[in-house]
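File shown: model37.txt. Contents: compact mmCIF, C-alpha atoms and all ligand atoms.
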```txt
# COMPACT_ATOMS: atom_id res chain seq x y z
CA MET A 11 90.54 67.06 105.19
CA GLU A 12 93.02 68.82 102.96
CA GLU A 13 96.74 68.36 103.39
CA ILE A 14 99.67 70.00 101.62
CA GLU A 15 103.38 69.27 101.66
CA ILE A 16 105.96 71.94 100.84
CA THR A 17 109.73 72.36 100.92
CA LYS A 18 110.73 73.48 104.42
CA PRO A 19 110.51 77.30 104.53
CA ASP A 20 113.23 79.86 105.23
CA ASP A 21 112.69 83.14 107.05
CA TRP A 22 114.79 85.82 105.41
CA HIS A 23 114.28 88.36 108.25
CA VAL A 24 114.09 87.57 111.98
CA HIS A 25 114.85 89.30 115.26
CA PHE A 26 116.13 86.83 117.84
CA ARG A 27 117.43 89.40 120.37
CA ASP A 28 119.78 88.00 123.05
CA ARG A 29 119.97 86.32 126.48
CA GLU A 30 116.64 85.17 128.01
CA ILE A 31 114.51 86.30 125.05
CA LEU A 32 116.81 84.53 122.60
CA ARG A 33 116.36 81.26 124.47
CA GLU A 34 112.56 81.43 124.30
CA VAL A 35 112.06 82.70 120.74
CA VAL A 36 114.62 80.70 118.75
CA PRO A 37 112.65 77.41 119.01
CA GLU A 38 109.53 79.19 117.71
CA THR A 39 111.41 79.80 114.45
CA THR A 40 113.50 76.62 114.22
CA ARG A 41 110.39 74.42 114.47
CA ASN A 42 109.18 75.35 110.97
CA PHE A 43 112.10 77.09 109.29
CA ALA A 44 115.40 75.65 108.09
CA ARG A 45 117.35 78.89 107.71
CA ALA A 46 116.93 82.52 108.70
CA ILE A 47 118.68 85.83 108.24
CA VAL A 48 119.19 87.23 111.74
CA MET A 49 118.96 90.99 112.26
CA PRO A 50 121.84 92.80 114.02
CA ASN A 51 119.87 95.51 115.91
CA LEU A 52 120.83 94.35 119.39
CA ILE A 53 121.87 96.72 122.17
CA PRO A 54 124.73 97.24 121.36
CA PRO A 55 124.40 96.34 117.66
CA ILE A 56 126.44 93.70 115.80
CA LEU A 57 129.01 95.89 114.04
CA ASN A 58 131.62 93.45 112.75
CA GLY A 59 132.40 89.85 111.82
CA LYS A 60 133.81 88.94 115.27
CA GLN A 61 130.65 90.03 117.04
CA ALA A 62 128.51 88.21 114.47
CA ILE A 63 130.42 84.95 115.02
CA LYS A 64 129.94 85.22 118.79
CA TYR A 65 126.24 85.99 118.38
CA LYS A 66 125.88 83.01 116.06
CA GLU A 67 127.40 80.78 118.74
CA ARG A 68 124.89 82.08 121.29
CA ILE A 69 122.06 81.31 118.86
CA LYS A 70 123.36 77.82 118.09
CA LYS A 71 123.44 76.96 121.80
CA VAL A 72 119.67 77.43 122.12
CA ILE A 73 118.53 75.59 118.97
CA PRO A 74 116.59 72.49 120.09
CA LYS A 75 118.56 69.29 119.34
CA THR A 76 115.66 68.00 117.24
CA ASP A 77 115.76 70.97 114.85
CA ASP A 78 118.13 71.32 111.93
CA PHE A 79 118.59 75.07 111.55
CA GLU A 80 121.19 77.47 110.15
CA PRO A 81 121.29 81.13 111.21
CA PHE A 82 122.71 83.57 108.63
CA MET A 83 124.36 86.54 110.27
CA THR A 84 124.33 90.24 109.39
CA ILE A 85 126.33 93.35 110.17
CA TYR A 86 124.69 96.65 111.16
CA LEU A 87 125.97 99.42 108.90
CA THR A 88 127.03 102.73 110.40
CA GLU A 89 128.75 105.71 108.87
CA LYS A 90 131.95 104.31 110.40
CA THR A 91 131.75 100.77 108.97
CA SER A 92 135.07 99.85 107.39
CA LYS A 93 134.75 98.49 103.87
CA ASN A 94 137.77 96.23 104.36
CA ASP A 95 136.40 94.71 107.58
CA LEU A 96 133.05 94.16 105.92
CA LYS A 97 134.63 92.52 102.90
CA GLU A 98 136.75 90.27 105.10
CA ALA A 99 133.76 89.23 107.24
CA TYR A 100 131.84 88.36 104.09
CA ASN A 101 134.69 86.52 102.38
CA ASN A 102 135.33 84.49 105.56
CA ASN A 103 131.65 83.49 105.71
CA ALA A 104 131.28 85.14 109.12
CA VAL A 105 128.31 87.06 107.77
CA PHE A 106 125.83 86.74 104.94
CA ALA A 107 124.68 90.32 104.43
CA ALA A 108 124.73 93.86 105.80
CA LYS A 109 121.73 95.78 107.10
CA LEU A 110 121.06 99.44 106.45
CA TYR A 111 118.95 101.18 109.08
CA PRO A 112 118.35 104.87 108.46
CA ALA A 113 119.16 106.42 111.88
CA GLY A 114 116.04 106.55 114.05
CA ALA A 115 113.85 104.57 111.64
CA THR A 116 112.98 101.75 114.05
CA THR A 117 113.90 99.75 117.19
CA ASN A 118 117.60 100.19 118.12
CA SER A 119 118.47 102.08 114.97
CA ASP A 120 120.07 105.10 116.66
CA SER A 121 123.55 104.21 115.41
CA GLY A 122 122.22 103.78 111.86
CA VAL A 123 123.02 105.86 108.80
CA LYS A 124 122.09 109.55 108.63
CA ASP A 125 123.52 110.30 105.21
CA ILE A 126 123.47 107.51 102.62
CA LYS A 127 126.18 109.26 100.59
CA LYS A 128 128.63 108.61 103.44
CA ILE A 129 128.34 104.84 103.00
CA MET A 130 128.51 104.75 99.19
CA PRO A 131 132.13 103.46 99.21
CA VAL A 132 131.03 100.62 101.50
CA LEU A 133 128.08 99.80 99.23
CA GLU A 134 130.39 99.86 96.22
CA THR A 135 132.64 97.28 97.90
CA MET A 136 129.58 95.14 98.68
CA ALA A 137 128.52 95.28 95.02
CA LYS A 138 132.02 94.18 93.96
CA VAL A 139 132.14 91.15 96.27
CA GLY A 140 128.48 90.20 95.79
CA MET A 141 127.42 90.84 99.40
CA PRO A 142 123.65 91.46 99.76
CA LEU A 143 122.39 94.75 101.23
CA LEU A 144 119.22 94.53 103.33
CA ILE A 145 117.37 97.81 103.71
CA HIS A 146 114.86 99.16 106.19
CA GLY A 147 113.35 101.48 103.60
CA GLU A 148 111.92 104.46 105.47
CA VAL A 149 113.05 108.07 105.77
CA THR A 150 112.98 109.59 109.22
CA HIS A 151 112.59 113.32 108.52
CA LYS A 152 110.17 114.91 110.97
CA GLU A 153 108.23 116.60 108.17
CA VAL A 154 107.40 113.31 106.38
CA ASP A 155 104.14 111.66 107.44
CA ILE A 156 104.73 108.23 108.99
CA PHE A 157 102.44 106.60 106.38
CA ASP A 158 104.55 108.08 103.53
CA ARG A 159 108.01 107.23 104.84
CA GLU A 160 108.53 104.13 102.68
CA LYS A 161 107.44 105.81 99.47
CA VAL A 162 109.67 108.83 100.13
CA PHE A 163 112.64 106.54 100.88
CA ILE A 164 112.16 104.80 97.55
CA ASN A 165 112.08 108.11 95.67
CA GLN A 166 114.86 109.86 97.58
CA ASN A 167 117.28 107.07 98.52
CA LEU A 168 116.59 103.67 97.01
CA ASP A 169 116.35 104.99 93.47
CA PHE A 170 119.69 106.76 93.95
CA ILE A 171 121.42 103.59 95.25
CA CYS A 172 119.95 101.41 92.47
CA LYS A 173 121.06 103.85 89.75
CA GLU A 174 124.56 104.30 91.20
CA LEU A 175 125.09 100.59 91.85
CA PRO A 176 122.92 98.44 89.57
CA GLU A 177 125.11 95.42 90.38
CA LEU A 178 124.41 95.59 94.14
CA LYS A 179 122.09 92.85 95.40
CA ILE A 180 119.44 94.66 97.42
CA THR A 181 116.54 93.36 99.48
CA LEU A 182 113.97 96.00 100.34
CA GLU A 183 112.69 94.60 103.60
CA HIS A 184 109.15 94.26 104.90
CA ILE A 185 107.54 96.28 102.13
CA THR A 186 104.16 97.80 102.91
CA THR A 187 103.00 99.82 99.90
CA GLU A 188 101.76 99.46 96.36
CA ASP A 189 104.53 101.93 95.46
CA ALA A 190 107.17 99.47 96.71
CA THR A 191 105.64 96.54 94.78
CA MET A 192 105.69 98.62 91.60
CA TYR A 193 109.22 99.91 92.09
CA VAL A 194 110.62 96.44 92.80
CA ASN A 195 108.70 94.90 89.91
CA GLN A 196 110.07 97.30 87.32
CA SER A 197 113.66 97.17 88.65
CA ASN A 198 116.49 94.92 87.49
CA ARG A 199 116.85 91.42 88.91
CA ASN A 200 119.17 92.54 91.73
CA LEU A 201 116.40 94.31 93.64
CA VAL A 202 113.92 92.07 95.47
CA ALA A 203 111.63 92.50 98.48
CA THR A 204 110.50 90.62 101.56
CA ILE A 205 106.96 90.72 102.92
CA THR A 206 105.76 89.92 106.46
CA PRO A 207 102.69 87.89 107.44
CA HIS A 208 101.27 90.82 109.42
CA HIS A 209 101.41 93.20 106.47
CA LEU A 210 99.58 90.56 104.40
CA ALA A 211 97.00 89.98 107.13
CA LEU A 212 96.15 93.48 108.37
CA ASN A 213 95.56 97.01 107.21
CA ARG A 214 95.98 100.13 109.36
CA ASN A 215 92.47 99.89 110.82
CA ALA A 216 93.87 97.05 112.95
CA ILE A 217 95.86 99.61 114.95
CA PHE A 218 93.06 102.09 115.62
CA VAL A 219 89.50 100.78 115.22
CA GLY A 220 87.62 100.07 118.46
CA GLY A 221 90.53 101.30 120.57
CA ILE A 222 94.27 101.57 120.19
CA ARG A 223 95.97 98.20 119.72
CA PRO A 224 99.65 98.38 120.54
CA HIS A 225 100.28 94.75 119.58
CA ASN A 226 99.56 95.64 115.95
CA TYR A 227 102.07 98.48 115.98
CA CYS A 228 105.12 97.74 113.88
CA LEU A 229 107.44 99.55 111.49
CA PRO A 230 106.93 100.25 108.70
CA ILE A 231 103.46 100.98 110.07
CA LEU A 232 100.47 99.07 108.59
CA LYS A 233 99.00 100.89 105.58
CA ARG A 234 95.55 101.24 103.94
CA GLU A 235 93.69 98.34 102.39
CA LYS A 236 94.72 99.13 98.80
CA HIS A 237 98.36 98.66 99.79
CA ARG A 238 97.63 95.38 101.58
CA ARG A 239 95.89 94.17 98.41
CA ALA A 240 98.96 95.05 96.32
CA LEU A 241 101.15 93.02 98.69
CA ILE A 242 98.73 90.08 98.52
CA GLU A 243 98.89 90.21 94.74
CA VAL A 244 102.70 89.97 94.44
CA ALA A 245 103.06 87.47 97.30
CA THR A 246 100.43 85.04 96.05
CA ASN A 247 101.02 85.13 92.28
CA GLY A 248 104.36 83.35 92.41
CA ASN A 249 106.37 86.45 91.44
CA LYS A 250 110.07 85.55 92.00
CA LYS A 251 111.03 88.99 93.29
CA PHE A 252 108.95 88.68 96.46
CA PHE A 253 109.45 86.27 99.34
CA LEU A 254 108.93 85.76 103.06
CA GLY A 255 110.82 87.72 105.68
CA THR A 256 108.64 87.58 108.78
CA ASP A 257 110.24 90.46 110.71
CA THR A 258 109.15 88.54 113.80
CA ALA A 259 110.15 91.02 116.50
CA PRO A 260 109.68 90.08 120.15
CA HIS A 261 109.13 92.75 122.78
CA PHE A 262 107.84 92.28 126.32
CA ALA A 263 104.09 92.94 126.45
CA SER A 264 104.75 95.60 129.09
CA HIS A 265 106.99 97.45 126.62
CA LYS A 266 104.23 97.44 123.99
CA GLU A 267 101.32 98.26 126.31
CA ASN A 268 103.03 101.45 127.31
CA CYS A 269 102.63 105.23 126.89
CA CYS A 270 105.45 104.93 124.35
CA GLY A 271 105.06 101.39 123.05
CA CYS A 272 107.74 99.53 121.06
CA ALA A 273 107.30 98.68 117.38
CA GLY A 274 107.32 94.99 116.50
CA ILE A 275 105.06 91.97 116.12
CA PHE A 276 106.09 88.53 117.31
CA ASN A 277 104.68 86.28 114.58
CA ALA A 278 107.03 83.27 114.45
CA THR A 279 104.75 80.81 116.23
CA TYR A 280 101.83 80.62 113.76
CA CYS A 281 103.43 82.24 110.73
CA MET A 282 103.03 79.25 108.40
CA SER A 283 99.42 78.63 109.49
CA ILE A 284 98.48 82.25 108.90
CA LEU A 285 100.18 82.34 105.50
CA ALA A 286 98.50 79.11 104.37
CA GLN A 287 95.13 80.64 105.32
CA ILE A 288 95.85 83.87 103.44
CA PHE A 289 97.03 82.00 100.34
CA GLU A 290 93.99 79.72 100.41
CA ASP A 291 91.61 82.66 100.88
CA ASN A 292 93.20 84.17 97.76
CA ASN A 293 92.92 80.92 95.75
CA SER A 294 96.71 80.60 95.63
CA ILE A 295 97.69 77.78 97.96
CA LYS A 296 99.69 76.31 95.04
CA ASN A 297 102.04 79.32 95.25
CA LEU A 298 102.65 79.18 99.01
CA GLU A 299 105.83 77.15 98.56
CA LYS A 300 107.30 79.65 96.12
CA PHE A 301 106.79 82.50 98.58
CA THR A 302 108.02 80.70 101.73
CA SER A 303 110.56 78.20 100.42
CA LEU A 304 111.78 78.77 96.85
CA ASN A 305 111.98 82.40 95.71
CA GLY A 306 114.27 83.57 98.51
CA SER A 307 116.83 80.79 98.30
CA LYS A 308 116.93 81.14 94.51
CA HIS A 309 117.58 84.87 94.79
CA TYR A 310 120.41 84.33 97.27
CA GLY A 311 121.97 81.60 95.11
CA LEU A 312 121.31 78.86 97.68
CA SER A 313 119.85 75.44 97.07
CA LYS A 314 116.35 74.78 98.35
CA ASN A 315 115.93 72.83 101.58
CA LYS A 316 115.85 69.05 101.26
CA THR A 317 113.29 68.42 103.98
CA LYS A 318 109.56 69.17 103.79
CA ILE A 319 106.79 70.28 106.10
CA LYS A 320 103.12 69.26 106.02
CA LEU A 321 100.14 71.47 106.69
CA LEU A 322 96.72 70.06 107.46
CA LYS A 323 93.47 71.97 107.15
CA ARG A 324 91.42 71.33 110.29
CA ASN A 325 87.62 71.41 110.45
CA ASN A 326 87.73 74.02 113.19
CA PRO A 327 89.94 77.08 113.56
CA ILE A 328 93.14 76.34 115.46
CA VAL A 329 93.41 77.82 118.94
CA PHE A 330 96.46 80.04 119.27
CA LYS A 331 98.48 80.28 122.43
CA LYS A 332 98.40 83.88 123.59
CA GLN A 333 101.89 84.39 124.89
CA ILE A 334 105.37 83.10 125.42
CA LYS A 335 106.72 83.40 128.96
CA VAL A 336 110.14 84.89 129.55
CA GLY A 337 110.80 84.75 133.30
CA ASN A 338 108.21 87.04 134.88
CA ASN A 339 107.57 88.76 131.56
CA SER A 340 105.64 87.68 128.49
CA ILE A 341 105.70 88.22 124.73
CA SER A 342 102.31 88.36 122.99
CA VAL A 343 101.92 85.99 120.04
CA PHE A 344 100.53 87.48 116.83
CA ASN A 345 96.94 86.48 116.09
CA PRO A 346 95.24 88.01 113.03
CA ASP A 347 91.54 88.86 113.25
CA PHE A 348 90.35 85.95 111.10
CA PRO A 349 89.97 82.19 111.67
CA VAL A 350 93.00 80.07 110.72
CA TYR A 351 92.35 76.42 109.89
CA TRP A 352 95.80 75.31 108.74
CA GLU A 353 98.15 73.58 111.13
CA VAL A 354 101.75 72.47 110.62
CA ILE A 355 101.84 68.79 111.55
O1 LIG B 1 108.33 96.62 113.87
C1 LIG B 1 109.53 96.49 113.80
N1 LIG B 1 110.24 95.93 114.81
N2 LIG B 1 110.15 96.90 112.72
C2 LIG B 1 111.49 96.91 112.63
O2 LIG B 1 111.99 97.34 111.63
C3 LIG B 1 112.33 96.47 113.77
C4 LIG B 1 111.60 95.58 114.66
C5 LIG B 1 112.26 95.38 116.00
O3 LIG B 1 113.49 95.17 116.04
O4 LIG B 1 111.57 95.41 117.01
ZN ZN B 2 113.09 93.83 111.24
```

Spit out the file's structure as structure tokens when you get a sec.
Amino acid sequence: MEEIEITKPDDWHVHFRDREILREVVPETTRNFARAIVMPNLIPPILNGKQAIKYKERIKKVIPKTDDFEPFMTIYLTEKTSKNDLKEAYNNNAVFAAKLYPAGATTNSDSGVKDIKKIMPVLETMAKVGMPLLIHGEVTHKEVDIFDREKVFINQNLDFICKELPELKITLEHITTEDATMYVNQSNRNLVATITPHHLALNRNAIFVGGIRPHNYCLPILKREKHRRALIEVATNGNKKFFLGTDTAPHFASHKENCCGCAGIFNATYCMSILAQIFEDNNSIKNLEKFTSLNGSKHYGLSKNKTKIKLLKRNNPIVFKKQIKVGNNSISVFNPDFPVYWEVI
């Protein structure tokens, strides 16, 4: 049996939500990850340092005693965000980064930004103090096809921000296209990207073939196979500009299996097993640690975690649990359509 040991991973993009969901999903992340950047798209969103500190306290209360875990907090940018408040929250270590949601781009993004030009003074301040900007990179114009929204965002908005503020540290989140891999690759060192396990595991057929599959619906939406291959290439070749941000996004199953189902895939539980399988299938298991545990911390100027995790390759595929219970509701656990032999032990 094969066994590997790697530096404990970090998840640079999670959705923990709040209240009863928070309590059930936090342990699924803290089991295998040492640190995570926590998204602010709650209802209502986390808009300032004070709210972020309170949310962090709520998260800390539900971390199992056996797990050593640090949540990194974020602020949700709106056209009303004050640059002085943001700067103060960052300088006081209340928050780690700010998140840009184009208004209407995804779950709870209604108070997001309609016109990027309106937040340029805020972004300028962030560049000056060294505060990272995390971007959901999709336009929302009705006339743009949903499969093209990332590419159009890069051409219309990201390129503008990068040219205006080359010193701003930007993470283009959950990239899904070959276009994004190419744009990030040719950019200066301040632009990097995160990639999710589901965008590495699936192409868009997984939403539609054999019937509609709401549990594979996420945003940005899954793309064609050639884009998945481009993501696999940059994730598995050790490229420093690309690292793990799972975008694990819990929704009640009843809200996904619905005439207007929510976007989001809850992948925290078997994320490391699935990634190990994908890296092995692409003859790159030696680069798994870079993707999950080294590239991200290096980019953010943090030291790597001191502890390690072990993964063991079983003789038979591991059996996934199907759901996590939250009171009378449940959250479906992501399961890709291939056998996964690797288990975190
Ligand atoms: O699929 C997604 N779900 N994409 C996002 O950008 C947000 C997330 C959520 O919060 O549910
Ligand atoms: Zn997200």

Find the residues near Glu80 of chain A: any atom within 10 Å, counting all atoms listed in the file, skip ones fewer than 5 places away on the same chain, and give them as a PDB file with C-alpha atoms, in the frame of the given file.
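Full text of selection-v8.pdb as output:
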```pdb
ATOM      1  CA  ASP A  20     113.230  79.860 105.230  1.00  0.00           C
ATOM      2  CA  THR A  40     113.500  76.620 114.220  1.00  0.00           C
ATOM      3  CA  PHE A  43     112.100  77.090 109.290  1.00  0.00           C
ATOM      4  CA  ALA A  44     115.400  75.650 108.090  1.00  0.00           C
ATOM      5  CA  ARG A  45     117.350  78.890 107.710  1.00  0.00           C
ATOM      6  CA  ALA A  46     116.930  82.520 108.700  1.00  0.00           C
ATOM      7  CA  ILE A  47     118.680  85.830 108.240  1.00  0.00           C
ATOM      8  CA  LYS A  66     125.880  83.010 116.060  1.00  0.00           C
ATOM      9  CA  ILE A  69     122.060  81.310 118.860  1.00  0.00           C
ATOM     10  CA  LYS A  70     123.360  77.820 118.090  1.00  0.00           C
ATOM     11  CA  ILE A  73     118.530  75.590 118.970  1.00  0.00           C
TER      12      ILE A  73
END
```

**Request:** Find the spatial neighbours of segment 61-63 of chain A, counting only C-alpha atoms, within a cut-off of 7 Å - ignore same-chain residues fewer than 4 positions away - and output them as a ChimeraX atom specification.
**Result:** /A:56-57,67,83-84,104-105

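Residues with any atom within 9 Å of Ile205 of chain A, counting only C-alpha atoms and excluding same-chain neighbours fewer than 2 positions away, are A:Glu183, A:His184, A:Ile185, A:Thr186, A:Ala203, A:Pro207, A:His208, A:His209, A:Leu210, A:Leu241, A:Ala245, A:Phe252, A:Phe253, A:Leu254, A:Gly255, A:Thr256, A:Asp257.
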
Rows by chain and residue number, chain A within 10 Å of ligand LIG 1 (chain B), shortest pair, all atoms listed in the file, as a tab-separated table:
```
residue	atom	partner	partner_atom	distance
A:His23	CA	B:LIG1	O2	9.9
A:Val24	CA	B:LIG1	O3	8.6
A:His25	CA	B:LIG1	O3	6.1
A:Phe26	CA	B:LIG1	O3	8.9
A:Arg27	CA	B:LIG1	O3	8.2
A:Met49	CA	B:LIG1	O3	7.9
A:Pro50	CA	B:LIG1	O3	8.9
A:Asn51	CA	B:LIG1	O3	6.4
A:Leu52	CA	B:LIG1	O3	8.1
A:Tyr111	CA	B:LIG1	O2	8.3
A:Ala115	CA	B:LIG1	O2	7.5
A:Thr116	CA	B:LIG1	O2	5.1
A:Thr117	CA	B:LIG1	O3	4.7
A:Asn118	CA	B:LIG1	O3	6.8
A:Ser119	CA	B:LIG1	C3	8.4
A:Ile145	CA	B:LIG1	O2	9.6
A:His146	CA	B:LIG1	O2	6.4
A:Gly147	CA	B:LIG1	O2	9.1
A:Glu148	CA	B:LIG1	O2	9.4
A:Glu183	CA	B:LIG1	O2	8.5
A:His184	CA	B:LIG1	O2	7.9
A:Asn226	CA	B:LIG1	O1	9.1
A:Tyr227	CA	B:LIG1	O1	6.9
A:Cys228	CA	B:LIG1	O1	3.4
A:Leu229	CA	B:LIG1	O1	3.9
A:Pro230	CA	B:LIG1	N2	6.1
A:Ile231	CA	B:LIG1	O1	7.6
A:Leu232	CA	B:LIG1	O1	9.8
A:Asp257	CA	B:LIG1	C4	6.6
A:Thr258	CA	B:LIG1	C4	7.5
A:Ala259	CA	B:LIG1	O4	4.6
A:Pro260	CA	B:LIG1	O4	6.5
A:His261	CA	B:LIG1	O4	6.8
A:Cys272	CA	B:LIG1	O4	6.9
A:Ala273	CA	B:LIG1	O1	4.2
A:Gly274	CA	B:LIG1	O1	3.3
A:Ile275	CA	B:LIG1	O1	6.1
A:Phe276	CA	B:LIG1	O4	8.8
```

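Counting all atoms listed in the file, the residue from A:Pro37, A:Lys109, A:Glu12, A:Arg324 that sits nearest to ligand ZN 2 (chain B) is A:Lys109.
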
Which polymer residues have any atom within 9 Å of an atom of Thr17 of chain A, counting all atoms listed in the file, with same-chain residues fewer than 2 positions away left out, as an mmCIF file with C-alpha atoms, in the frame of the given file?
```cif
data_model
loop_
_atom_site.group_PDB
_atom_site.id
_atom_site.type_symbol
_atom_site.label_atom_id
_atom_site.label_comp_id
_atom_site.auth_asym_id
_atom_site.auth_seq_id
_atom_site.Cartn_x
_atom_site.Cartn_y
_atom_site.Cartn_z
ATOM 1 C CA GLU A 15 103.380 69.270 101.660
ATOM 2 C CA PRO A 19 110.510 77.300 104.530
ATOM 3 C CA GLU A 299 105.830 77.150 98.560
ATOM 4 C CA THR A 302 108.020 80.700 101.730
ATOM 5 C CA SER A 303 110.560 78.200 100.420
ATOM 6 C CA LEU A 304 111.780 78.770 96.850
ATOM 7 C CA LYS A 314 116.350 74.780 98.350
ATOM 8 C CA ASN A 315 115.930 72.830 101.580
ATOM 9 C CA LYS A 316 115.850 69.050 101.260
ATOM 10 C CA THR A 317 113.290 68.420 103.980
ATOM 11 C CA LYS A 318 109.560 69.170 103.790
ATOM 12 C CA ILE A 319 106.790 70.280 106.100
ATOM 13 C CA LYS A 320 103.120 69.260 106.020
#
```

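From atom CA of Asn213 of chain A back to atom CA of His225 of chain A, the distance works out to 13.4 Å.
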
**Prompt:** Residues at most 7 Å from Ile355 of chain A, counting all atoms listed in the file, excluding those fewer than 2 positions away in the same chain, as a ChimeraX atom specification?
**Reply:** /A:320-322,353

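Between atom CA of Ile295 of chain A and atom CA of Arg41 of chain A lies a distance of 21.1 Å.
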
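Among the candidates A:Leu110, A:Val72, A:Ala216, A:Cys172, the one nearest to ligand ZN 2 (chain B) when counting all atoms listed in the file is A:Leu110.
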
**Message:** Using all atoms listed in the file for the distances, tell me which of A:Asn277, A:Gly140, A:Gly271, A:Ile217 is nearest to ligand ZN 2 (chain B).
**Reply:** A:Asn277
